[in-house]
Amino acid sequence: GGTLRALMAGERAQRPIALFDVTGLEARVAAEVTGFRVGDVAPAGEAERWSRSDALAVVAAREALAEARLTRGTPVSLIVGATTGGAFETEHLLVAMLRDPTLVPPRSRLLPHPISATADRLCEAAWPFDRTLTLTSACSSGANAIALADAWIRAGRASRVLVGGTDALCRLTFVGFNLLAAMDPAPCKPFDARRAGMNLGEGAAFLLLERADEAQARGAVPIAELAGWAIGSEGKHITQPEPDGTTAARLMRSALARGRIDPRDVGYINAHGTATVHNDRAECAALHLAFGESLATIPVSSNKGQIGHTLGAAGAIEAAITALSLRDGVVTPTCGLVDPDPLCDAQHVLDRGRHHRFRAAISSSFGFGGSDTVLAITEPGVFEEPLAPRDLTRRRLVITSASTHGPAGLQDAPGSANYLDPGPAPAPGASPFTPEDHLDPGRARRLDERAARLTATVAHALGTAVLPDRARVGLVNGVGLRALETAQFLAPIFEQGWRAGKPAIFPSLLLSSPAGHASVYLGLHGPVFTTSDLAASPGTAVACAADLIVAGEADAVVASGGTAVDRLFDQALGPACLDSATWRAPRTEGTSAVVIETEEHAASRGVGAIAVLAGWWSGVTLKEWLPPAPAQSARAIVVLSREDETLVAYLGERGWAGARVILVAPRSGDHEAVGGIALAAAVGALAAGRVDEALVVERTPGRWTATLLGRAL
């Protein structure tokens with residue numbers, strides 16, 4: 001309530017930043033949460049393990065759960081969208097480790113670094129969640145999290161999900177956007193003719209999504225209804241938006257169609273509205289394409305003129321504001337907008353909010369890499385039930401190709417199956433990779449090695465699956481940690497000043513950037529984002545890919561995973577965050593990709609399946625998890641990344657005792673993305689008829705994933 005009142009009154013949060021030194025930077029204002037201390041939120045003595053992003057998330061999550069009046073212990077799943085994680089707390093540590101290869105900071109100071117750490121803190125301090133997922137797609141992260149939560153609920157994979165986004169200010173993003181000349185030195189002015197860039201902000205928002213019957217059964221009064229959503233990729237440029245707004249407009253129409261909402265019924269538009277020249281114009285072009293003449297009657301506003309751009313949290317914060325505005329019959333203003341740009345023509349809400357009753361609204365989020373998401377939010381019970389996707393739950397999901405890149409080079413499914421066979425351990429270190437051997441040098445010049453390796457692996461999988469039409473083909477990439485390149489970017493800035501920073505490098509430092517680069521190079525226009533769940537990331541990528549297909553949002557999705565040799569990971573981050581000191585195989589690197597689609601879609605172009613995706617699960621603990629027992633255990637295998645006696649014993653108690661257990665790391669080498677290599681190798685074994693069933697399981701601190709594969713007959 002307090003936030004909405006401040007927005008309605010036209011209050012602006014932008015001030016000179018006090019969180020860290022910004023001397024010498026041209027833009028020095030931000031929407032900082034002043035007076036906020038991690039120590040006031042974290043349990044006594046635990047503040048060093050927490051990041052500012054964690055603390056903001058816990059405050060917002062506790063408020064949402066308290067308002068929902070759930071009985072503690074009620075099953076709740078969790079999805080977190082984020083971009084920066086514990087960057088603020090660990091930036092100087094990364095640079096210090098870069099300069100001193102012998103430095104190993106205390107474990108407690110490294111634990112905040114992964115963006116997945118926020119989910120861990122929420123499990124500890126907010127609720128005993130049964131399942132967690134962390135995803136990132138830059139500025140659309142929070143909105144993508146909400147869309148995926150809806151997909152879980154409608155598919156029956158969860159009855160309620162606490163979902164949101166969180167991001168704190170940090171030097172990496174503040175300096176990076178300054179170097180890109182994307183920041184306004186003054187409070188920003190969305191859609192104004194004099195706009196000069198955005199302001200960064202920080203914050204968190206969480207919403208409880210649940211089935212209507214569940215809410216009614218316990219007497220809960222819904223604030224609003226998430227009637228529809230759509231996710232897609234522009235496939236154009238890693239930082240520049242599609243100028244004509246074609247993809248954004250398509251998604252606006254799709255989100256409304258999913259919710260059975262006529263565009264003329266929309267009474268408010270919560271715009272992305274970053275206050276950058278090209279983004280604002282592209283968004284308004286999309287609005288005109290999507291709404292036509294009716295746009296003239298729809299109030300439009302951007303909250304970023306008051307709270308700045310909160311990056312991974314923005315989509316969740318703006319969705320919450322939209323829902324509360326609908327409930328209270330108000331629309332918030334676009335502060336800073338005085339003289340609208342003629343190319344941003346719309347019914348803008350100026351100065352202060354106003355009373356305005358409406359039944360339906362959209363909230364849009366557009367991220368780096370062209371990852372666009374639109375949410376359609378309505379008054380509960382007013383419109384018809386949202387359209388259910390075709391009943392894909394009764395149709396088989398299949399895998400039509402698999403590729404890996406690791407010590408054995410670029411391999412298809414049969415070649416990847418060799419990682420299951422006995423043989424010599426690989427040499428430690430980076431796997432040889434020459435981008436020019438796989439990609440067009442001119443088009444790939446902007447790709448760093450991680451992005452180039454992912455793009456080549458995904459391209460190989462798509463080629464084998466014969467998928468030339470990529471209008472509804474997506475990509476979900478699993479990435480755990482990334483540190484070395486961030487430290488290399490920040491070190492000269494810390495030591496010589498911000499002018500030593502290299503602006504061209506900054507966009508590629510985000511965890512979501514490899515997937516964004518791959519989508520641009522390969523022309524993918526379906527959903528594109530990244531999951532980040534430590535070593536379980538390739539597994540959560542597979543689950544998300546399947547969930548998107550079941551939701552009808554894509555015809556095919558590539559699920560991938562990847563990592564590169566990173567000295568800072570080996571030096572301290574891996575042992576602290578993933579217990580990698582216990583890994584025994586040589587340290588290598590690897591990338592994987594599998595193409596998932598419905599059997600019907602594959603058959604429509606004459607492509608046969610090489611494996612069946614029979615089930616996918618994830619959770620926080622192994623308690624009460626029961627995968628289907630194999631029909632013939634002698635023809636089934638369990639594929640693990642590395643030795644895990646506890647997991648093997650657990651599976652043995654639940655019907656898998658007769659299945660052969662195969663470890664992949666001894667042949668592939670060990671790294672945080674081995675789970676993806678394991679999956680592709682299992683697919684290869686099934687395609688060759690060597691086994692009939694394969695259960696691929698990954699366990700990592702605080703989470704696990706499992707994927708059940710069957711032989712395609």
# chains A, B, ... in the order shown; residues from 1 in each chain; ligands from 1
>>> select_by_dssp(residues="range 362-584 of chain A", states="helix (DSSP H, G or I)", output="PyMOL selection string")
chain A and resi 368-370+392-394+413-420+435-437+449-464+484-496+498-500+506-509+513-522+537-550+567-578+580-582
>>> select_by_dssp(residues="range 381-618 of chain A", states="strand (DSSP E or B)", output="number ranges by chain")
A: 397-406, 409-411, 473-478, 528-531, 533, 535, 556-563, 587, 590-598, 611-618
>>> closest_residue(among="A:Val620, A:Val331, A:Leu475, A:Ala417", to="His356 in chain A", atoms="only C-alpha atoms")
A:Val331
>>> atom_distance(atom1="CA of Gly480 in chain A", atom2="CA of Phe174 in chain A")
22.8 Å
>>> residues_around(residues="Ala694 in chain A", least_positions_apart="6", cutoff="6 Å", atoms="only C-alpha atoms", output="list in words")
Ala636, Ile637, Val638, Leu708 and Leu709 of chain A
>>> write_last_selection(atoms="N, CA and C atoms", output="mmCIF file, in the first residue's frame")
data_model
loop_
_atom_site.group_PDB
_atom_site.id
_atom_site.type_symbol
_atom_site.label_atom_id
_atom_site.label_comp_id
_atom_site.auth_asym_id
_atom_site.auth_seq_id
_atom_site.Cartn_x
_atom_site.Cartn_y
_atom_site.Cartn_z
ATOM 1 N N ALA A 636 17.803 -50.817 -17.910
ATOM 2 C CA ALA A 636 17.707 -49.427 -17.451
ATOM 3 C C ALA A 636 19.034 -48.996 -16.848
ATOM 4 N N ILE A 637 19.311 -47.724 -16.944
ATOM 5 C CA ILE A 637 20.514 -47.166 -16.337
ATOM 6 C C ILE A 637 20.160 -45.926 -15.536
ATOM 7 N N VAL A 638 20.957 -45.668 -14.535
ATOM 8 C CA VAL A 638 20.912 -44.409 -13.797
ATOM 9 C C VAL A 638 22.204 -43.677 -14.135
ATOM 10 N N LEU A 708 13.621 -38.481 -16.636
ATOM 11 C CA LEU A 708 13.420 -39.867 -17.040
ATOM 12 C C LEU A 708 13.268 -39.918 -18.558
ATOM 13 N N LEU A 709 14.096 -40.739 -19.184
ATOM 14 C CA LEU A 709 14.098 -40.891 -20.631
ATOM 15 C C LEU A 709 13.730 -42.317 -21.000
#
>>> atom_distance(atom1="CA of Pro112 in chain A", atom2="CA of Pro586 in chain A")
26.6 Å
>>> residues_around(residues="Val674 in chain A", least_positions_apart="3", cutoff="7 Å", atoms="only C-alpha atoms", output="JSON, numbers by chain")
{"A": [641, 665, 670, 671, 677, 678]}
>>> atom_distance(atom1="CA of Thr136 in chain A", atom2="CA of Thr373 in chain A")
12.5 Å
>>> closest_atom_pairs(of="range 147-260 of chain A", to="range 18-26 of chain A", cutoff="10 Å", atoms="only C-alpha atoms", output="CSV")
residue,atom,partner,partner_atom,distance
A:Leu169,CA,A:Leu19,CA,8.0
A:Cys170,CA,A:Phe20,CA,8.1
A:Arg171,CA,A:Phe20,CA,7.5
A:Phe174,CA,A:Val22,CA,8.7
A:Val175,CA,A:Leu25,CA,7.7
A:Asn178,CA,A:Leu25,CA,7.2
A:Leu179,CA,A:Leu25,CA,8.9
A:Ala181,CA,A:Glu26,CA,8.9
A:Met183,CA,A:Glu26,CA,8.4
A:Asp184,CA,A:Glu26,CA,8.4
A:Pro185,CA,A:Glu26,CA,6.2
A:Ala186,CA,A:Glu26,CA,9.8
>>> decode(residues="range 182-193 of chain A", atoms="all heavy atoms", output="compact mmCIF listing (two decimals), in the first residue's frame")
# COMPACT_ATOMS: atom_id res chain seq x y z
N ALA A 182 24.01 4.72 -21.48
CA ALA A 182 22.57 4.44 -21.39
C ALA A 182 21.93 5.09 -20.18
O ALA A 182 20.73 4.88 -19.95
CB ALA A 182 22.35 2.94 -21.35
N MET A 183 22.69 5.86 -19.39
CA MET A 183 22.19 6.41 -18.13
C MET A 183 22.01 7.92 -18.22
O MET A 183 22.86 8.63 -18.78
CB MET A 183 23.18 6.09 -17.01
CG MET A 183 23.48 4.62 -16.87
SD MET A 183 22.53 3.85 -15.60
CE MET A 183 23.48 4.29 -14.16
N ASP A 184 20.94 8.41 -17.64
CA ASP A 184 20.66 9.84 -17.56
C ASP A 184 21.30 10.39 -16.28
O ASP A 184 21.07 9.84 -15.20
CB ASP A 184 19.15 10.08 -17.53
CG ASP A 184 18.77 11.53 -17.77
OD1 ASP A 184 19.59 12.42 -17.44
OD2 ASP A 184 17.67 11.77 -18.29
N PRO A 185 22.11 11.44 -16.37
CA PRO A 185 22.69 12.02 -15.14
C PRO A 185 21.64 12.59 -14.20
O PRO A 185 21.88 12.74 -13.00
CB PRO A 185 23.60 13.13 -15.68
CG PRO A 185 23.87 12.77 -17.10
CD PRO A 185 22.62 12.10 -17.58
N ALA A 186 20.46 12.91 -14.72
CA ALA A 186 19.36 13.44 -13.92
C ALA A 186 18.29 12.37 -13.78
O ALA A 186 18.35 11.32 -14.44
CB ALA A 186 18.78 14.68 -14.59
N PRO A 187 17.28 12.58 -12.94
CA PRO A 187 16.17 11.63 -12.90
C PRO A 187 15.60 11.43 -14.30
O PRO A 187 15.40 12.38 -15.06
CB PRO A 187 15.17 12.31 -11.96
CG PRO A 187 16.04 13.09 -11.02
CD PRO A 187 17.16 13.61 -11.88
N CYS A 188 15.34 10.18 -14.66
CA CYS A 188 15.03 9.84 -16.05
C CYS A 188 13.64 10.33 -16.47
O CYS A 188 12.80 10.68 -15.63
CB CYS A 188 15.16 8.34 -16.27
SG CYS A 188 13.96 7.34 -15.37
N LYS A 189 13.40 10.33 -17.78
CA LYS A 189 12.19 10.91 -18.36
C LYS A 189 11.63 9.97 -19.43
O LYS A 189 11.79 10.20 -20.63
CB LYS A 189 12.55 12.27 -18.98
CG LYS A 189 13.12 13.27 -18.00
CD LYS A 189 13.66 14.52 -18.68
CE LYS A 189 15.04 14.31 -19.27
NZ LYS A 189 16.09 14.14 -18.23
N PRO A 190 10.97 8.88 -19.02
CA PRO A 190 10.43 7.95 -20.02
C PRO A 190 9.51 8.63 -21.02
O PRO A 190 8.67 9.46 -20.64
CB PRO A 190 9.66 6.92 -19.16
CG PRO A 190 10.33 6.99 -17.82
CD PRO A 190 10.71 8.43 -17.64
N PHE A 191 9.69 8.31 -22.28
CA PHE A 191 8.87 8.76 -23.40
C PHE A 191 8.97 10.27 -23.68
O PHE A 191 8.30 10.78 -24.58
CB PHE A 191 7.39 8.39 -23.19
CG PHE A 191 7.17 6.92 -22.96
CD1 PHE A 191 6.62 6.46 -21.76
CD2 PHE A 191 7.51 6.00 -23.92
CE1 PHE A 191 6.42 5.11 -21.53
CE2 PHE A 191 7.32 4.64 -23.71
CZ PHE A 191 6.77 4.20 -22.51
N ASP A 192 9.78 11.01 -22.93
CA ASP A 192 9.91 12.45 -23.14
C ASP A 192 10.84 12.72 -24.32
O ASP A 192 11.80 11.98 -24.56
CB ASP A 192 10.47 13.11 -21.87
CG ASP A 192 10.31 14.62 -21.90
OD1 ASP A 192 11.15 15.31 -22.49
OD2 ASP A 192 9.31 15.10 -21.32
N ALA A 193 10.58 13.81 -25.01
CA ALA A 193 11.41 14.17 -26.15
C ALA A 193 12.84 14.48 -25.73
O ALA A 193 13.77 14.38 -26.54
CB ALA A 193 10.80 15.38 -26.87
